[in-house]
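Peer 1: To be precise about what I am sending: the file is called structure.cif and holds mmCIF, C-alpha atoms (C1' of nucleotides).
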```
data_protein
#
loop_
_atom_site.label_atom_id
_atom_site.label_comp_id
_atom_site.auth_asym_id
_atom_site.auth_seq_id
_atom_site.Cartn_x
_atom_site.Cartn_y
_atom_site.Cartn_z
CA MET A 1 99.54 4.77 -93.44
CA PRO A 2 96.29 4.34 -91.63
CA GLU A 3 96.11 0.79 -90.33
CA LEU A 4 94.03 -0.60 -87.48
CA PRO A 5 95.46 1.61 -84.69
CA GLU A 6 95.14 4.79 -86.73
CA VAL A 7 91.60 3.96 -87.86
CA GLU A 8 90.63 3.05 -84.29
CA THR A 9 91.99 6.39 -83.10
CA VAL A 10 90.00 8.28 -85.72
CA ALA A 11 86.84 6.33 -84.89
CA ARG A 12 87.23 7.17 -81.21
CA ASP A 13 87.77 10.84 -82.02
CA LEU A 14 84.66 10.87 -84.20
CA ARG A 15 82.44 9.74 -81.32
CA GLU A 16 82.48 13.39 -80.33
CA LEU A 17 80.06 13.91 -83.23
CA VAL A 18 77.42 11.47 -82.00
CA GLY A 19 74.08 13.27 -81.89
CA SER A 20 74.99 15.79 -84.59
CA ARG A 21 72.90 16.02 -87.72
CA ILE A 22 74.36 16.33 -91.21
CA ALA A 23 73.13 19.61 -92.64
CA GLY A 24 75.17 19.93 -95.82
CA VAL A 25 77.28 17.74 -98.07
CA LEU A 26 79.86 18.99 -100.57
CA VAL A 27 81.75 16.58 -102.83
CA TYR A 28 84.95 17.97 -104.34
CA TRP A 29 86.27 14.74 -105.86
CA GLU A 30 83.54 12.49 -107.22
CA ARG A 31 85.54 9.27 -107.20
CA THR A 32 85.89 9.46 -103.45
CA ILE A 33 82.24 8.40 -103.33
CA ALA A 34 82.44 4.75 -104.30
CA SER A 35 78.68 4.25 -104.04
CA PRO A 36 75.97 5.35 -104.60
CA GLY A 37 76.50 8.06 -107.22
CA SER A 38 77.50 11.35 -105.67
CA ALA A 39 74.13 13.05 -106.35
CA THR A 40 72.31 10.25 -104.55
CA PHE A 41 74.97 10.20 -101.84
CA ILE A 42 74.46 13.90 -101.14
CA GLU A 43 70.68 13.70 -101.23
CA ARG A 44 70.46 10.70 -98.92
CA LEU A 45 73.06 11.85 -96.44
CA LYS A 46 71.51 15.23 -95.74
CA GLY A 47 69.40 15.32 -92.61
CA ARG A 48 70.66 12.09 -91.14
CA GLN A 49 72.00 12.02 -87.65
CA ILE A 50 75.25 10.45 -86.45
CA GLU A 51 74.18 7.79 -84.02
CA GLN A 52 77.30 5.73 -83.38
CA VAL A 53 80.83 5.35 -84.71
CA GLY A 54 82.65 2.04 -85.02
CA ARG A 55 85.44 0.30 -86.84
CA ARG A 56 85.76 -2.92 -88.79
CA GLY A 57 89.27 -3.65 -90.01
CA LYS A 58 90.46 -0.44 -91.62
CA TRP A 59 86.91 0.79 -92.28
CA ILE A 60 85.28 3.47 -90.19
CA LEU A 61 81.56 2.85 -89.70
CA ILE A 62 79.35 5.83 -89.04
CA HIS A 63 75.93 4.52 -88.08
CA LEU A 64 73.23 6.98 -89.05
CA SER A 65 69.67 7.45 -87.90
CA PRO A 66 67.03 6.82 -88.87
CA SER A 67 69.00 4.30 -90.98
CA GLY A 68 72.09 3.64 -93.00
CA TYR A 69 75.84 3.58 -92.61
CA LEU A 70 78.50 5.88 -93.91
CA LEU A 71 81.60 3.74 -94.40
CA VAL A 72 84.96 5.43 -94.83
CA HIS A 73 88.27 3.88 -95.89
CA LEU A 74 91.28 6.18 -95.54
CA ARG A 75 93.55 4.04 -97.76
CA MET A 76 96.93 5.76 -98.06
CA SER A 77 96.52 9.38 -97.20
CA GLY A 78 92.91 9.96 -96.19
CA ARG A 79 92.12 12.00 -93.11
CA LEU A 80 88.83 12.57 -91.35
CA LEU A 81 89.06 15.80 -89.45
CA ILE A 82 86.64 17.57 -87.18
CA ASP A 83 86.96 21.20 -88.12
CA PRO A 84 85.43 24.20 -86.36
CA PRO A 85 82.71 26.25 -88.06
CA GLY A 86 83.86 28.37 -90.94
CA THR A 87 86.93 26.33 -91.86
CA GLN A 88 87.67 26.66 -95.57
CA PRO A 89 88.36 23.66 -97.78
CA ASP A 90 91.90 23.29 -99.05
CA LYS A 91 93.37 21.68 -102.15
CA TYR A 92 93.14 18.22 -100.61
CA THR A 93 89.53 18.46 -99.47
CA ARG A 94 87.51 15.70 -101.17
CA VAL A 95 84.27 15.72 -99.16
CA LEU A 96 82.95 18.21 -96.65
CA LEU A 97 80.04 17.45 -94.33
CA THR A 98 78.61 20.39 -92.44
CA LEU A 99 76.88 19.53 -89.19
CA ASP A 100 73.91 21.26 -87.65
CA ASP A 101 76.12 22.90 -85.01
CA GLY A 102 78.36 24.37 -87.72
CA ARG A 103 81.28 22.00 -87.20
CA GLN A 104 82.55 20.21 -90.27
CA LEU A 105 83.54 16.64 -90.89
CA HIS A 106 86.29 17.10 -93.41
CA PHE A 107 87.59 14.31 -95.61
CA SER A 108 91.01 15.29 -96.88
CA ASP A 109 93.04 12.97 -99.11
CA VAL A 110 96.21 13.89 -100.96
CA ARG A 111 96.41 10.73 -103.07
CA LYS A 112 92.69 10.33 -103.73
CA PHE A 113 92.65 6.63 -102.89
CA GLY A 114 90.28 6.97 -99.95
CA ARG A 115 86.66 5.93 -100.42
CA MET A 116 83.24 6.57 -98.89
CA VAL A 117 80.20 4.32 -99.18
CA LEU A 118 76.68 5.07 -98.05
CA THR A 119 74.69 1.88 -97.60
CA ASP A 120 71.92 0.25 -95.61
CA ASP A 121 73.80 -3.05 -95.60
CA PRO A 122 77.43 -2.72 -94.47
CA ASP A 123 78.02 -6.41 -95.15
CA GLU A 124 78.06 -5.58 -98.85
CA VAL A 125 81.40 -3.95 -98.16
CA LEU A 126 82.60 -5.74 -95.04
CA GLY A 127 81.32 -9.23 -95.73
CA ASP A 128 84.58 -10.75 -96.96
CA LEU A 129 86.79 -9.40 -94.21
CA GLY A 130 88.77 -11.72 -91.97
CA PRO A 131 88.67 -11.79 -88.17
CA GLU A 132 89.55 -8.86 -85.93
CA PRO A 133 92.97 -9.45 -84.36
CA LEU A 134 91.93 -7.93 -81.03
CA ASP A 135 88.64 -9.80 -80.79
CA PRO A 136 88.58 -12.31 -77.89
CA ASP A 137 87.50 -14.97 -80.39
CA PHE A 138 90.79 -14.56 -82.23
CA THR A 139 92.76 -17.00 -80.11
CA ALA A 140 96.14 -18.56 -80.82
CA ASP A 141 94.33 -21.83 -81.57
CA VAL A 142 92.13 -20.14 -84.15
CA PHE A 143 95.19 -18.47 -85.64
CA GLN A 144 96.99 -21.82 -85.77
CA ASP A 145 94.17 -23.28 -87.86
CA MET A 146 94.07 -20.24 -90.11
CA LEU A 147 97.80 -20.45 -90.78
CA ALA A 148 97.81 -24.21 -91.26
CA SER A 149 95.07 -24.03 -93.87
CA ARG A 150 97.25 -21.81 -96.08
CA ARG A 151 100.70 -22.13 -97.51
CA ALA A 152 101.46 -18.55 -98.41
CA ARG A 153 104.44 -16.47 -97.37
CA LEU A 154 103.64 -14.78 -94.10
CA LYS A 155 104.11 -11.16 -95.10
CA PRO A 156 101.55 -11.06 -97.93
CA LEU A 157 99.21 -13.27 -95.92
CA LEU A 158 99.23 -10.87 -92.97
CA LEU A 159 98.43 -8.01 -95.35
CA ASN A 160 95.47 -9.89 -96.84
CA GLN A 161 92.36 -8.40 -95.24
CA ARG A 162 90.33 -11.47 -96.11
CA PHE A 163 92.72 -13.49 -93.96
CA LEU A 164 93.03 -11.10 -91.02
CA VAL A 165 92.02 -7.46 -90.86
CA GLY A 166 93.86 -4.45 -89.63
CA LEU A 167 97.51 -5.04 -90.43
CA GLY A 168 99.21 -2.92 -93.07
CA ASN A 169 102.83 -2.70 -94.05
CA ILE A 170 103.99 -1.06 -90.83
CA TYR A 171 102.40 -3.35 -88.27
CA ALA A 172 102.95 -6.51 -90.31
CA ASP A 173 106.69 -5.83 -90.31
CA GLU A 174 106.65 -4.89 -86.65
CA ALA A 175 104.69 -7.96 -85.59
CA LEU A 176 107.04 -10.30 -87.48
CA TRP A 177 110.03 -8.56 -85.94
CA HIS A 178 108.59 -8.88 -82.43
CA ALA A 179 107.85 -12.54 -83.04
CA GLY A 180 111.29 -13.15 -84.52
CA ILE A 181 109.89 -14.75 -87.68
CA HIS A 182 111.11 -14.21 -91.23
CA PRO A 183 108.57 -12.54 -93.57
CA LEU A 184 109.08 -15.22 -96.24
CA ARG A 185 108.23 -18.15 -93.96
CA ARG A 186 105.33 -20.24 -95.24
CA SER A 187 102.29 -20.02 -93.01
CA ASP A 188 101.94 -23.79 -92.66
CA THR A 189 105.52 -24.29 -91.45
CA LEU A 190 105.29 -22.41 -88.17
CA THR A 191 105.83 -24.36 -84.98
CA PRO A 192 103.14 -24.04 -82.28
CA GLU A 193 105.54 -21.83 -80.32
CA GLU A 194 106.01 -19.55 -83.31
CA VAL A 195 102.25 -19.29 -83.83
CA ILE A 196 101.84 -18.24 -80.20
CA ARG A 197 104.63 -15.70 -80.52
CA LEU A 198 103.19 -14.22 -83.70
CA HIS A 199 99.68 -14.12 -82.27
CA ARG A 200 100.93 -12.33 -79.17
CA ALA A 201 103.13 -9.98 -81.22
CA ILE A 202 100.23 -8.93 -83.45
CA GLN A 203 98.01 -8.18 -80.46
CA GLU A 204 100.70 -6.39 -78.47
CA VAL A 205 101.89 -4.24 -81.35
CA LEU A 206 98.33 -3.21 -82.19
CA GLU A 207 97.37 -2.54 -78.59
CA GLU A 208 100.47 -0.48 -77.92
CA ALA A 209 100.01 1.46 -81.14
CA ILE A 210 96.41 2.23 -80.24
CA ALA A 211 97.56 3.45 -76.84
CA ALA A 212 100.05 5.71 -78.65
CA GLU A 213 97.30 6.92 -81.02
CA GLY A 214 98.98 5.41 -84.06
CA THR A 215 102.07 6.03 -86.14
CA THR A 216 102.74 9.34 -87.87
CA LEU A 217 105.60 9.23 -90.36
CA ARG A 218 107.02 12.08 -92.37
CA ASP A 219 105.94 10.69 -95.75
CA ALA A 220 102.36 9.85 -94.78
CA GLN A 221 101.22 12.44 -92.35
CA TYR A 222 98.54 10.51 -90.56
CA VAL A 223 96.72 12.48 -87.86
CA GLY A 224 93.66 11.76 -85.73
CA ALA A 225 90.33 13.47 -86.32
CA ASP A 226 91.45 16.06 -83.80
CA GLY A 227 94.62 16.73 -85.81
CA ARG A 228 96.94 15.11 -83.26
CA GLU A 229 99.87 13.04 -84.51
CA GLY A 230 100.35 9.45 -83.41
CA GLN A 231 103.27 8.73 -81.11
CA PHE A 232 104.17 5.17 -82.12
CA ALA A 233 106.78 6.08 -84.76
CA ARG A 234 109.48 6.39 -82.12
CA ARG A 235 108.84 2.79 -81.09
CA LEU A 236 109.16 1.20 -84.51
CA ALA A 237 111.89 -1.43 -84.55
CA ALA A 238 112.00 -2.56 -88.19
CA TYR A 239 109.64 -0.59 -90.42
CA ALA A 240 111.52 2.10 -92.39
CA LYS A 241 114.65 1.32 -90.37
CA THR A 242 116.76 -0.02 -93.25
CA GLY A 243 120.43 0.00 -92.28
CA GLU A 244 119.73 0.98 -88.70
CA GLU A 245 120.52 -1.23 -85.74
CA CYS A 246 118.05 -3.87 -84.64
CA PRO A 247 117.00 -2.79 -81.13
CA ARG A 248 117.47 -6.37 -79.92
CA CYS A 249 120.79 -7.45 -81.43
CA LYS A 250 122.27 -4.40 -83.20
CA THR A 251 122.39 -6.14 -86.58
CA ALA A 252 121.51 -3.82 -89.48
CA ILE A 253 117.85 -4.01 -90.51
CA GLU A 254 117.41 -5.20 -94.10
CA ARG A 255 114.82 -4.25 -96.67
CA ILE A 256 113.54 -6.66 -99.31
CA VAL A 257 110.51 -6.56 -101.58
CA VAL A 258 107.83 -9.19 -100.93
CA GLY A 259 104.62 -9.15 -102.93
CA GLN A 260 105.53 -5.70 -104.27
CA ARG A 261 105.77 -4.33 -100.74
CA GLY A 262 108.82 -3.01 -98.99
CA THR A 263 109.56 -5.41 -96.15
CA HIS A 264 111.87 -4.69 -93.25
CA PHE A 265 113.36 -7.30 -90.95
CA CYS A 266 116.36 -8.24 -88.86
CA PRO A 267 118.39 -10.96 -90.61
CA HIS A 268 119.73 -12.16 -87.26
CA CYS A 269 116.52 -12.25 -85.19
CA GLN A 270 114.30 -13.36 -88.08
CA GLN A 271 116.02 -16.25 -89.82
CA GLU A 272 114.41 -17.77 -92.86
CA LEU A 273 114.61 -21.39 -91.78
CA GLY A 274 113.75 -20.81 -88.17
CA HIS A 275 116.27 -21.91 -85.58
"C1'" DA B 1 95.33 -21.25 -103.68
"C1'" DA B 2 99.27 -18.46 -104.57
"C1'" DA B 3 101.70 -14.96 -106.89
"C1'" DG B 4 102.68 -11.25 -110.15
"C1'" DC B 5 101.34 -7.06 -112.21
"C1'" DA B 6 98.80 -2.89 -113.74
"C1'" DC B 7 96.09 0.53 -111.96
"C1'" DC B 8 94.47 4.25 -109.10
"C1'" DC B 9 97.20 9.08 -107.32
"C1'" DT B 10 100.61 12.67 -105.94
"C1'" DG B 11 104.36 14.33 -102.91
"C1'" DT B 12 109.01 13.48 -102.26
"C1'" DA B 13 113.62 12.06 -103.27
"C1'" DC B 14 117.08 11.65 -106.43
"C1'" DG B 15 120.07 11.96 -110.68
"C1'" DC B 16 121.70 15.09 -113.92
"C1'" DT C 1 116.96 26.01 -109.97
"C1'" DG C 2 114.62 22.75 -112.60
"C1'" DC C 3 113.42 18.86 -115.16
"C1'" DG C 4 112.40 13.91 -115.56
"C1'" DT C 5 111.75 9.67 -113.30
"C1'" DA C 6 111.33 6.20 -109.68
"C1'" DC C 7 109.12 5.17 -105.57
"C1'" DA C 8 105.84 4.66 -101.70
"C1'" DG C 9 101.50 2.27 -100.38
"C1'" DG C 10 95.97 -0.28 -99.67
"C1'" DG C 11 93.08 -2.48 -102.32
"C1'" DT C 12 90.94 -4.39 -106.65
"C1'" DG C 13 90.92 -6.94 -110.69
"C1'" DC C 14 93.04 -9.60 -114.05
"C1'" DT C 15 96.35 -13.21 -115.57
"C1'" DT C 16 99.41 -17.01 -114.97
#
```
Would you give me this structure, written as structure tokens?

Peer 2:
Amino acid sequence: MPELPEVETVARDLRELVGSRIAGVLVYWERTIASPGSATFIERLKGRQIEQVGRRGKWILIHLSPSGYLLVHLRMSGRLLIDPPGTQPDKYTRVLLTLDDGRQLHFSDVRKFGRMVLTDDPDEVLGDLGPEPLDPDFTADVFQDMLASRRARLKPLLLNQRFLVGLGNIYADEALWHAGIHPLRRSDTLTPEEVIRLHRAIQEVLEEAIAAEGTTLRDAQYVGADGREGQFARRLAAYAKTGEECPRCKTAIERIVVGQRGTHFCPHCQQELGH
DNA sequence: AAAGCACCCTGTACGC
DNA sequence: TGCGTACAGGGTGCTT
């Protein structure tokens, strides 16, 4: 599942394309293009040059010259791959951009949930997003106020991109495990120490996962734009570890459903009423 | 504001 | 081997 570390890895890989011009655009699955219509998308994209590549939450931002942004969300199974000249599309190819040097920027997406947007105003798409967890402005004090102003269960709140961007099911479970906090705790009941622990856990998990180039699991074969798998899966403590030993205390990891999402935690290290 | 659910999709796992 | 079905998940939109 591409979350912040995976999207960051892809964005970094894509910087290799800065300076290339988009020569051709092929759309194999129309609904991948969220806006504008695919005919307009194709027409406007052709001839533009890739000037800069960034990330906001789980969105990849490809800044074009002379103007415009190509925004890409990988959702569940999307991949952005840099393919050498002459690579043929496969059954999962949804959009294929050919660059002026012959290389291809290949959007592949088994489940067809991924989306592309071409716009002059990225805030139309990104305007409602919450703060970046690795931004220096995202301090424990800021987080404390954010949590205190809500009274939701932590797990769904951490997944809410309007609250805080970048966490998905994997890193939300991992961060709560690292912090030793139960996923059903209400956000406004955390002690100051717990807020600090959760804040630190979120940042450390994300930073370490970025350093490992993300998490590649069997059922959601995330890879970077260069096709490399992420190496963080081996360091997961809770996510998808149902029945396995907690690395800290050896208690069996449990799985519950919270907000329609599978949620993994250690019933010993993460007690519902705190300690 | 919070929470539940249907929906969008398809590969995989599982029961028979 | 094969069929049918449940499940996984990010995000949106609707309802309670």

Peer 1: Set the distance at 12 Å and use all atoms listed in the file: which residues neighbour DG4 of chain C once local chain neighbours fewer than 5 positions away are removed? I'd like the list as a PyMOL selection string.

Peer 2: chain B and resi 14-16

Peer 1: Evaluating the PyMOL selection byres ((chain A) within 8 of (chain C)) on the displayed file yields which residues, as a list of chain:residue names?

Peer 2: A:Met1, A:Arg75, A:Met76, A:Gly168, A:Arg261

Peer 1: Within 9 Å of chain B, which residues of chain A show up? Give each one with its shortest atom-to-atom distance in Å (one decimal) and the two atoms involved, counting only C-alpha atoms (C1' of nucleotides), rows by chain then rising residue number, as CSV.

Peer 2:
```
residue,atom,partner,partner_atom,distance
A:Val110,CA,B:DT10,C1',6.8
A:Arg111,CA,B:DC9,C1',4.6
A:Lys112,CA,B:DC9,C1',5.9
A:Phe113,CA,B:DC9,C1',6.8
A:Arg150,CA,B:DA1,C1',7.9
A:Arg151,CA,B:DA2,C1',8.1
A:Ala152,CA,B:DA2,C1',6.5
A:Asp219,CA,B:DT12,C1',7.7
A:Gly259,CA,B:DA3,C1',7.6
A:Gln260,CA,B:DG4,C1',8.6
```

Peer 1: Taking C-alpha atoms for each residue, export the selection above as a PDB file, in the frame of the given file.

Peer 2:
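Dumped everything to again.pdb:
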```pdb
ATOM      1  CA  VAL A 110      96.210  13.890-100.960  1.00  0.00           C
ATOM      2  CA  ARG A 111      96.410  10.730-103.070  1.00  0.00           C
ATOM      3  CA  LYS A 112      92.690  10.330-103.730  1.00  0.00           C
ATOM      4  CA  PHE A 113      92.650   6.630-102.890  1.00  0.00           C
ATOM      5  CA  ARG A 150      97.250 -21.810 -96.080  1.00  0.00           C
ATOM      6  CA  ARG A 151     100.700 -22.130 -97.510  1.00  0.00           C
ATOM      7  CA  ALA A 152     101.460 -18.550 -98.410  1.00  0.00           C
ATOM      8  CA  ASP A 219     105.940  10.690 -95.750  1.00  0.00           C
ATOM      9  CA  GLY A 259     104.620  -9.150-102.930  1.00  0.00           C
ATOM     10  CA  GLN A 260     105.530  -5.700-104.270  1.00  0.00           C
TER      11      GLN A 260
END
```

Peer 1: Excluding segment 153-158 of chain A and its own-chain neighbours fewer than 4 positions away, which residues fall within 7 Å of it when counting all atoms listed in the file? Please give them as a list in words.

Peer 2: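 Once the adjacent positions are removed, what remains is Phe163, Leu164, Leu167, Ala172, Pro183, Leu184, Arg185, Arg186, Ser187 and Gly259 of chain A.
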
Peer 1: Atom CA of Gly78 of chain A and atom CA of Ile22 of chain A are how many Å apart?

Peer 2: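 Computing it gives 20.2 Å between the two atoms.
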
Peer 1: For atom CA of Pro2 of chain A and atom CA of Gly130 of chain A, determine how far apart the two atoms are, in Å to one decimal place.

Peer 2: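 So the answer is 17.7 Å.
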
Peer 1: Here's the selection I'm unsure about, the PyMOL selection byres ((chain A and resi 180) around 8); applied to the file above, which residues does it give, as a ChimeraX atom specification?

Peer 2: /A:176-179,181-182,269-271

Peer 1: Env of Glu193 of chain A: 12 Å cut, atoms = all atoms listed in the file, seq-sep filter 6 positions within chain, self excluded. Answer as a list in words.

Peer 2: Ala140, Asp141, Gln144, Ala179, Gly180, Ile181, His199, Arg200, Gly274 and His275 of chain A
